Each structure stands twice: as C-alpha cells, then as structure tokens.
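Just below is one structure, and these are the notes that go with it.
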Amino acid sequence: MSEADPVFDFEELELDTSWAFEGADTKYLTHDIHRYPAKFIPQLARRIIEEYSGKGEVVLDPFCGSGTALLEARLTGRNAIGVDLNPVAYYVSKVKTNPIEPRSLKRQWERFSQKLSPIFGFNKVPPYQLPEKALEVLSAWIPERQLEDMRRLFTLINEVEDESFRDFLLVAFSNIQKNCSWWLMKSVKPTRNFKKKVPEVIPTFTRQVERMRKKNDQLWERLEGSETWVKVYKADTRELSSVVSDEVDLILFSPPYVTSYEYIDVHKLSVVWLEQTKELRELKKHFIGSASAKPKDVEIRSGTAERIAAKLDRKDKRLARAVRTYFADMQLSFEEMDRVLKTGGVVAIVIGNTKLKGVEIKNAEVFAEMFTDMGYSLERVVKRPIPGKNLPTTRDPKTGKFTSAKNGHVKVYPHEFILFLRKA
Ligand SMILES: C[S@@+](CC[C@H](N)C(=O)[O-])C[C@H]1O[C@@H](n2cnc3c(N)ncnc32)[C@H](O)[C@@H]1O
C-alpha cells in the first residue's frame with residue numbers, strides 16, 4: 001500500500017514485473033479487428049478487472065478507444081460501459097464486444113458480398129454522395145478508381161438495415177482506409193506516399209470481413225450463455241454523467257496524453273466517411289490533449305500541476321497553456337466519473353509521466369492529487385515496465401510529439417503507473 005501523500009515520489013517505487021505481460025498475445029478473439037493507437041494490453045485490463053470487481057458488476061472505461069477493457073470485462077463475466085468521442089472508437093468498441101450470431105452473419109455476408117461483383121451490377125451502384133468538401137479531402141488521399149469503389153461500397157453499406165451487420169461492415173470499411181489510400185502505413189501522422197502501390201478496394205475489404213468473421217464466430221462461441229452486456233456511447237467524457245445512467249462499480253482507463261496523438265488525425269480518412277465532414281479542426285477541439293483544445297476557466301486542484309505549468313511558462317508559454325488546458329480537462333472528466341461511480345468503488349488509471357521541453361509532466365502525481373482532493377484514497381500504486389510495442393516510446397525532443405524514429409529522440413515511457421483510488 002502506498003501513502004496518499006501529495007509529495008509521494010512515484011518514480012522511487014520498485015518496478016513490478018508481474019504487470020509487464022511481456023510477449024503476451026494481444027490479438028486473440030476480436031481484439032485486433034481494427035488498428036488503434038495506445039491500446040491496453042488485454043491481460044493488463046483483465047487483471048485490474050478481476051482484482052477490483054466481481055462477476056455481474058459494471059465496469060466503465062470512460063476513454064474506451066478500441067474497447068479492450070470492455071471486451072475483457074465481458075469475457076470475465078462483468079458488464080461494461082465504454083465512452084469515447086472518436087467515431088472510430090465507438091464503432092470498433094461496439095463491434096468488438098457484441099458478436100453476431102455466426103449463421104446469421106454468414107447469411108447476411110453472402111447476400112451482401114454478391115452485390116460487390118460486377119456481374120451483379122456493382123459498377124452501376126451510385127457512388128455515395130458525400131458533401132463536396134469531404135469528397136475533396138478524400139480525393140487528396142485516395143486514387144480515383146479506389147475512391148469510386150469506396151463510394152459504391154459505402155452506398156451499399158448504408159443501405160443495410162440490420163444495425164449490427166451495418167456496424168460490422170463499417171468497421172471493416174474503416175480499417176481498409178489506410179491500406180487502400182496513399183497513407184504511409186508506418187506513420188501515425190497522416191503522411192502520403194505517392195509511390196505506394198494502392199491495392200484494390202473490394203478484395204481488400206472482402207479479406208478484412210473474412211478475418212473479422214472468423215474472430216466474431218470465436219467470440220460468439222466464447223460468450224455462449226453469457227448474460228453480460230456492453231453499452232458504448234460516442235460522447236465527451238467531460239459530460240459523462242449525462243449519458244451514463246447506470247451505477248458503476250469500477251472505472252478503468254488509460255487517458256489521452258497532452259500534445260501526443262491527435263486522434264482525429266490518426267483516423268482522418270475514417271472520420272471523414274463516418275462523420276461526413278471536412279471540419280476536422282472543429283472536431284479536434286473537443287479531444288483532451290489535442291493541440292486545438294480550448295483553454296478552460298477552471299481552478300486546477302493540484303499543486304503539482306500548477307508547479308509544472310509555472311516551470312513550462314518560463315520555457316514555452318503555448319505549451320504551458322496546453323498543459324494547463326489538459327489538466328483542467330482531465331479534472332472535469334474526473335468530476336464526471338465521480339458522479340457515476342458508486343461509494344466504495346475504485347478508479348484504476350494506467351498512466352505514464354512524460355517530459356516536455358525538459359520539464360517533467362508528472363501525470364500520475366497530478367491525477368492522484370485531483371482524486372484525493374475529491375475525497376478518494378490512493379490505495380495502491382503499481383509501477384510497471386512497458387514492453388515497448390504497445391505505446392510509443394520515443395518523442396521528438398523539439399516538438400514533444402510521439403515518433404517512431406530513433407535518432408536523437410528521447411525514451412519517454414520506460415515504465416508507467418497504475419493508480420488505484422477508492423471512493424470514500
Ligand atoms: C489512450 S486512448 C485509449 C485506448 C484504449 N484504452 C484502448 O485499449 O484502445 C485515449 C482515448 O481518449 C479518447 N478521448 C480524447 N478526448 C476525449 C473526450 N473529450 N471524451 C471522450 N474520449 C476522449 C481518444 O479518442 C482515445 O480513444
């Protein structure tokens with residue numbers, strides 16, 4: 001047990017290698033139906049769920065991303081609620097955790113896939129009418145022939161009446177966006193590679209559906225007889241209590257980080273299709289940690305956060321403002337989490353500290369202070385080594401952004417923390 005002391009030095013803790021899960025299979029069942037950055041290791045989420053909740057209880061991931069914790073909750077006999085603002089996260093989480101009855105899926109897919117053949121008139125399907133500006137964005141990324149096929153395919157998907165099957169197809173469609181465009185596959189940021197040989201849409205889509213179908217069927221079998229449920233909401237965590245009406249037993253999440261990923265950029269093409277907008281800049285403003293997030297007029301209740309921002313102020317005022325905004329947004333989210341968590345329930349946060357312009361961004365300390373200020377007790381802190389491939393481990397020293405290149409860049413996440421905070 002660790003003391004809930006604001007000057008408690010997290011970095012001094014011993015590493016607990018039993019939480020590393022080095023080499024663990026992270027792709028079983030539906031876990032890898034769609035790419036998503038900074039995913040949980042499923043085994044890590046499972047261990048937290050099993051240690052801090054009981055069967056039949058409700059687990060909430062308020063930044064659910066691709067739904068890793070939600071699936072692990074179901075697999076261990078819990079119910080789960082996921083919230084995320086990213087439309088990609090919303091569809092992936094829904095499809096990942098709610099398998100379709102295999103024979104019904106097979107039947108629906110057989111009927112649907114016939115329409116993808118030129119013999120059955122695929123070339124006569126009207127291309128989906130996206131708003132002109134949205135189409136402009138897509139045209140800059142997707143070769144003409146592929147874009148035509150995608151628009152026809154999107155028309156057919158939108159004609160599907162069964163919601164579960166339509167969502168299933170949308171996830172498959174979303175996951176082929178990077179393959180079937182000039183997107184430089186190894187890049188997290190949107191980067192075009194005009195030398196890329198862009199594959200054909202329909203065979204790529206068909207392979208993706210077949211892969212997902214196999215995983216869907218396996219999950220269906222695993223969940224047979226289970227009475228658990230998963231609900232997913234596309235919503236802002238700072239307004240969590242207006243969408244989540246269930247009382248929650250355990251909250252488990254890994255938050256966005258300040259000025260690291262722009263989740264809207266990471267999924268740029270999918271977001272344009274799913275939201276039918278080119279106003280990505282407008283969407284970004286609502287994402288916590290985004291460089292476009294709007295400053296908040298909120299008193300930050302953490303001395304550590306104030307000290308970090310003051311230090312940064314002397315180096316880079318813009319960055320200092322971004323960090324203040326980030327902490328204010330996280331605090332607003334925590335207040336909302338508190339509204340839905342039952343008394344005696346636990347909040348488990350998986351979080352690493354980072355460094356920007358030479359200033360330590362002590363996220364773990366700040367979050368612990370914010371929760372203890374709300375009357376929670378810091379019951380336990382685990383310091384776990386990060387095996388490496390699940391989170392970006394290097395930052396560009398100038399911009400502070402995550403990068404995959406190694407030269408001259410600093411390792412930022414040799415370890416991370418798991419905070420366990422109990423509501424009094
Ligand atoms: C580190 S990721 C979570 C990944 C997740 N644990 C998984 O296994 O896939 C953080 C998530 O926070 C989401 N996010 C950022 N700002 C948000 C907001 N205001 N409301 C809800 N979700 C938000 C992002 O879309 C992203 O999916």
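Every chain in the structure tokens has a letter given in the order shown (A, B, ...), and although residue numbers restart at 1 in each chain, ligands are simply numbered from 1 in the order shown.
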Go through region 219-408 of chain A and collect every residue that DSSP, computed from the backbone, puts in strand (DSSP E or B); the answer should be as a PDB file with N, CA and C atoms, in the first residue's frame.
ATOM      1  N   VAL A 230     -22.699  -4.989 -22.982  1.00  0.00           N
ATOM      2  CA  VAL A 230     -21.771  -3.856 -23.155  1.00  0.00           C
ATOM      3  C   VAL A 230     -22.530  -2.726 -23.837  1.00  0.00           C
ATOM      4  N   LYS A 231     -22.434  -1.533 -23.277  1.00  0.00           N
ATOM      5  CA  LYS A 231     -23.028  -0.361 -23.930  1.00  0.00           C
ATOM      6  C   LYS A 231     -21.902   0.592 -24.298  1.00  0.00           C
ATOM      7  N   VAL A 232     -21.984   1.160 -25.492  1.00  0.00           N
ATOM      8  CA  VAL A 232     -20.941   2.100 -25.921  1.00  0.00           C
ATOM      9  C   VAL A 232     -21.598   3.426 -26.314  1.00  0.00           C
ATOM     10  N   TYR A 233     -21.014   4.520 -25.860  1.00  0.00           N
ATOM     11  CA  TYR A 233     -21.548   5.836 -26.196  1.00  0.00           C
ATOM     12  C   TYR A 233     -20.476   6.672 -26.888  1.00  0.00           C
ATOM     13  N   LYS A 234     -20.885   7.354 -27.943  1.00  0.00           N
ATOM     14  CA  LYS A 234     -19.967   8.345 -28.560  1.00  0.00           C
ATOM     15  C   LYS A 234     -20.265   9.657 -27.854  1.00  0.00           C
ATOM     16  N   VAL A 248     -21.848   2.572 -11.422  1.00  0.00           N
ATOM     17  CA  VAL A 248     -20.675   1.832 -11.873  1.00  0.00           C
ATOM     18  C   VAL A 248     -19.852   1.341 -10.684  1.00  0.00           C
ATOM     19  N   ASP A 249     -19.325   0.096 -10.776  1.00  0.00           N
ATOM     20  CA  ASP A 249     -18.552  -0.478  -9.667  1.00  0.00           C
ATOM     21  C   ASP A 249     -17.055  -0.221  -9.800  1.00  0.00           C
ATOM     22  N   LEU A 250     -16.573  -0.192 -11.041  1.00  0.00           N
ATOM     23  CA  LEU A 250     -15.138   0.019 -11.274  1.00  0.00           C
ATOM     24  C   LEU A 250     -14.958   0.901 -12.508  1.00  0.00           C
ATOM     25  N   ILE A 251     -14.081   1.889 -12.389  1.00  0.00           N
ATOM     26  CA  ILE A 251     -13.716   2.701 -13.557  1.00  0.00           C
ATOM     27  C   ILE A 251     -12.262   2.391 -13.889  1.00  0.00           C
ATOM     28  N   LEU A 252     -12.018   2.112 -15.129  1.00  0.00           N
ATOM     29  CA  LEU A 252     -10.679   1.707 -15.557  1.00  0.00           C
ATOM     30  C   LEU A 252     -10.354   2.406 -16.860  1.00  0.00           C
ATOM     31  N   PHE A 253      -9.223   3.093 -16.935  1.00  0.00           N
ATOM     32  CA  PHE A 253      -8.892   3.752 -18.205  1.00  0.00           C
ATOM     33  C   PHE A 253      -7.416   4.109 -18.312  1.00  0.00           C
ATOM     34  N   LEU A 341     -19.683   6.764 -10.261  1.00  0.00           N
ATOM     35  CA  LEU A 341     -19.066   5.657  -9.507  1.00  0.00           C
ATOM     36  C   LEU A 341     -19.756   5.486  -8.162  1.00  0.00           C
ATOM     37  N   LYS A 342     -20.022   4.239  -7.799  1.00  0.00           N
ATOM     38  CA  LYS A 342     -20.710   4.042  -6.524  1.00  0.00           C
ATOM     39  C   LYS A 342     -19.727   4.200  -5.350  1.00  0.00           C
ATOM     40  N   THR A 343     -20.256   4.518  -4.192  1.00  0.00           N
ATOM     41  CA  THR A 343     -19.427   4.692  -2.995  1.00  0.00           C
ATOM     42  C   THR A 343     -18.681   3.383  -2.729  1.00  0.00           C
ATOM     43  N   GLY A 344     -17.398   3.501  -2.443  1.00  0.00           N
ATOM     44  CA  GLY A 344     -16.584   2.308  -2.198  1.00  0.00           C
ATOM     45  C   GLY A 344     -15.978   1.752  -3.487  1.00  0.00           C
ATOM     46  N   GLY A 345     -16.392   2.289  -4.634  1.00  0.00           N
ATOM     47  CA  GLY A 345     -15.864   1.825  -5.926  1.00  0.00           C
ATOM     48  C   GLY A 345     -14.441   2.320  -6.167  1.00  0.00           C
ATOM     49  N   VAL A 346     -13.784   1.698  -7.141  1.00  0.00           N
ATOM     50  CA  VAL A 346     -12.377   2.032  -7.403  1.00  0.00           C
ATOM     51  C   VAL A 346     -12.208   2.633  -8.804  1.00  0.00           C
ATOM     52  N   VAL A 347     -11.300   3.615  -8.878  1.00  0.00           N
ATOM     53  CA  VAL A 347     -10.869   4.150 -10.169  1.00  0.00           C
ATOM     54  C   VAL A 347      -9.442   3.655 -10.393  1.00  0.00           C
ATOM     55  N   ALA A 348      -9.207   2.957 -11.487  1.00  0.00           N
ATOM     56  CA  ALA A 348      -7.852   2.485 -11.817  1.00  0.00           C
ATOM     57  C   ALA A 348      -7.374   3.226 -13.052  1.00  0.00           C
ATOM     58  N   ILE A 349      -6.265   3.934 -12.912  1.00  0.00           N
ATOM     59  CA  ILE A 349      -5.742   4.733 -14.030  1.00  0.00           C
ATOM     60  C   ILE A 349      -4.377   4.197 -14.452  1.00  0.00           C
ATOM     61  N   VAL A 350      -4.244   3.913 -15.727  1.00  0.00           N
ATOM     62  CA  VAL A 350      -2.947   3.467 -16.250  1.00  0.00           C
ATOM     63  C   VAL A 350      -2.323   4.682 -16.937  1.00  0.00           C
ATOM     64  N   ILE A 351      -1.223   5.173 -16.377  1.00  0.00           N
ATOM     65  CA  ILE A 351      -0.694   6.469 -16.840  1.00  0.00           C
ATOM     66  C   ILE A 351       0.826   6.551 -16.681  1.00  0.00           C
ATOM     67  N   THR A 354       5.656  12.049 -18.440  1.00  0.00           N
ATOM     68  CA  THR A 354       6.359  12.387 -19.673  1.00  0.00           C
ATOM     69  C   THR A 354       7.268  13.586 -19.430  1.00  0.00           C
ATOM     70  N   LYS A 355       7.920  14.051 -20.464  1.00  0.00           N
ATOM     71  CA  LYS A 355       8.809  15.200 -20.352  1.00  0.00           C
ATOM     72  C   LYS A 355       8.580  16.097 -21.548  1.00  0.00           C
ATOM     73  N   LEU A 356       8.338  17.374 -21.320  1.00  0.00           N
ATOM     74  CA  LEU A 356       8.192  18.320 -22.431  1.00  0.00           C
ATOM     75  C   LEU A 356       9.153  19.472 -22.203  1.00  0.00           C
ATOM     76  N   VAL A 359      10.865  19.621 -19.002  1.00  0.00           N
ATOM     77  CA  VAL A 359      10.060  19.692 -17.765  1.00  0.00           C
ATOM     78  C   VAL A 359       9.294  18.381 -17.589  1.00  0.00           C
ATOM     79  N   GLU A 360       9.414  17.803 -16.385  1.00  0.00           N
ATOM     80  CA  GLU A 360       8.707  16.554 -16.077  1.00  0.00           C
ATOM     81  C   GLU A 360       7.207  16.819 -15.997  1.00  0.00           C
ATOM     82  N   ILE A 361       6.444  16.106 -16.792  1.00  0.00           N
ATOM     83  CA  ILE A 361       4.990  16.222 -16.707  1.00  0.00           C
ATOM     84  C   ILE A 361       4.524  15.036 -15.860  1.00  0.00           C
ATOM     85  N   TYR A 376     -10.992  10.777  -2.398  1.00  0.00           N
ATOM     86  CA  TYR A 376     -10.597   9.392  -2.674  1.00  0.00           C
ATOM     87  C   TYR A 376      -9.314   9.070  -1.917  1.00  0.00           C
ATOM     88  N   SER A 377      -9.114   7.769  -1.629  1.00  0.00           N
ATOM     89  CA  SER A 377      -7.821   7.412  -1.037  1.00  0.00           C
ATOM     90  C   SER A 377      -6.996   6.638  -2.062  1.00  0.00           C
ATOM     91  N   LEU A 378      -5.732   6.994  -2.100  1.00  0.00           N
ATOM     92  CA  LEU A 378      -4.820   6.310  -3.026  1.00  0.00           C
ATOM     93  C   LEU A 378      -4.432   5.000  -2.352  1.00  0.00           C
ATOM     94  N   GLU A 379      -5.069   3.924  -2.810  1.00  0.00           N
ATOM     95  CA  GLU A 379      -4.950   2.660  -2.091  1.00  0.00           C
ATOM     96  C   GLU A 379      -3.710   1.876  -2.506  1.00  0.00           C
ATOM     97  N   ARG A 380      -3.333   2.043  -3.754  1.00  0.00           N
ATOM     98  CA  ARG A 380      -2.204   1.242  -4.253  1.00  0.00           C
ATOM     99  C   ARG A 380      -1.632   1.904  -5.500  1.00  0.00           C
ATOM    100  N   VAL A 381      -0.318   1.816  -5.654  1.00  0.00           N
ATOM    101  CA  VAL A 381       0.309   2.279  -6.894  1.00  0.00           C
ATOM    102  C   VAL A 381       1.210   1.163  -7.411  1.00  0.00           C
ATOM    103  N   VAL A 382       1.059   0.819  -8.670  1.00  0.00           N
ATOM    104  CA  VAL A 382       1.933  -0.182  -9.289  1.00  0.00           C
ATOM    105  C   VAL A 382       2.795   0.545 -10.310  1.00  0.00           C
ATOM    106  N   LYS A 383       4.078   0.259 -10.300  1.00  0.00           N
ATOM    107  CA  LYS A 383       4.961   0.806 -11.338  1.00  0.00           C
ATOM    108  C   LYS A 383       5.342  -0.362 -12.239  1.00  0.00           C
ATOM    109  N   ARG A 384       4.889  -0.302 -13.491  1.00  0.00           N
ATOM    110  CA  ARG A 384       5.103  -1.455 -14.367  1.00  0.00           C
ATOM    111  C   ARG A 384       6.030  -1.109 -15.536  1.00  0.00           C
ATOM    112  N   PRO A 385       6.919  -2.044 -15.896  1.00  0.00           N
ATOM    113  CA  PRO A 385       7.755  -1.790 -17.067  1.00  0.00           C
ATOM    114  C   PRO A 385       6.897  -1.888 -18.319  1.00  0.00           C
ATOM    115  N   THR A 394       9.209   6.877 -28.000  1.00  0.00           N
ATOM    116  CA  THR A 394      10.136   7.977 -28.268  1.00  0.00           C
ATOM    117  C   THR A 394       9.378   9.259 -28.596  1.00  0.00           C
ATOM    118  N   ARG A 395       9.979  10.362 -28.196  1.00  0.00           N
ATOM    119  CA  ARG A 395       9.421  11.671 -28.523  1.00  0.00           C
ATOM    120  C   ARG A 395      10.468  12.495 -29.239  1.00  0.00           C
ATOM    121  N   PHE A 402       5.035  12.244 -30.279  1.00  0.00           N
ATOM    122  CA  PHE A 402       5.473  10.861 -30.403  1.00  0.00           C
ATOM    123  C   PHE A 402       6.019  10.623 -31.804  1.00  0.00           C
ATOM    124  N   THR A 403       7.015   9.768 -31.886  1.00  0.00           N
ATOM    125  CA  THR A 403       7.591   9.476 -33.188  1.00  0.00           C
ATOM    126  C   THR A 403       8.090   8.041 -33.200  1.00  0.00           C
TER     127      THR A 403
END
Margin query: Would you pick out the contacts of Arg318 (chain A) at 12 Å or less, using only C-alpha atoms, so that residues sharing its chain but fewer than 2 positions from it are not included, and give the list as a PyMOL selection string?
Written below: chain A and resi 259+291-293+295+309-310+312-316+320-325+356-357+399
Export C-alpha atoms of the chosen residues as a JSON list (two decimals), in the first residue's frame?
[["chain", "number", "residue", "atom", "x", "y", "z"],
["A", 259, "THR", "CA", 0.04, 17.07, -27.26],
["A", 291, "ALA", "CA", -3.17, 21.00, -29.52],
["A", 292, "SER", "CA", -6.51, 22.51, -30.65],
["A", 293, "ALA", "CA", -8.26, 22.03, -27.26],
["A", 295, "PRO", "CA", -8.37, 26.69, -22.66],
["A", 309, "ALA", "CA", 2.73, 24.74, -15.69],
["A", 310, "ALA", "CA", 4.74, 27.51, -13.99],
["A", 312, "LEU", "CA", 6.85, 25.41, -18.54],
["A", 313, "ASP", "CA", 5.71, 29.04, -18.64],
["A", 314, "ARG", "CA", 9.37, 30.03, -18.45],
["A", 315, "LYS", "CA", 10.24, 27.85, -21.47],
["A", 316, "ASP", "CA", 7.23, 27.86, -23.78],
["A", 320, "ALA", "CA", 2.30, 25.72, -20.74],
["A", 321, "ARG", "CA", -1.20, 26.74, -21.82],
["A", 322, "ALA", "CA", -1.76, 23.37, -23.49],
["A", 323, "VAL", "CA", -0.67, 21.55, -20.32],
["A", 324, "ARG", "CA", -2.98, 23.69, -18.14],
["A", 325, "THR", "CA", -5.86, 23.01, -20.54],
["A", 356, "LEU", "CA", 8.19, 18.32, -22.43],
["A", 357, "LYS", "CA", 10.98, 20.84, -23.09],
["A", 399, "THR", "CA", 8.13, 19.20, -30.54]]
Checklist line | Neighbourhood of ligand 1 at 8 Å, counting only C-alpha atoms and all ligand atoms, reported as a VMD selection string | finding: chain A and resid 36 to 42 61 to 69 83 to 86 89 234 to 238 253 to 257 263 to 264 286 to 290 329
Next item on the list: For each of A:Cys180, A:Leu421, A:Leu283, A:Val125, take the minimum atom-to-atom distance to Pro199 (chain A), counting only C-alpha atoms, then give the residue where this is smallest.
Entry: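 Among the listed residues, the smallest separation from Pro199 (chain A) belongs to A:Cys180.
With only C-alpha atoms as the atoms that count, the residue of A:Val198, A:Arg281, A:Glu221, A:Gly352 with the shortest distance to Val258 (chain A) is A:Gly352.
Distance annotation: of A:Lys189, A:Arg47, A:Lys197, A:His34, the residue with the minimal separation from Gln146 (chain A) is A:Lys197; atom set is only C-alpha atoms.
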Next item on the list: Rank A:Thr277, A:Thr30, A:Gln331, A:Asn193 by their smallest atom-to-atom distance to Val298 (chain A), using only C-alpha atoms, and report the top residue only.
Entry: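 Of the candidates, the smallest distance to Val298 (chain A) is held by A:Gln331.
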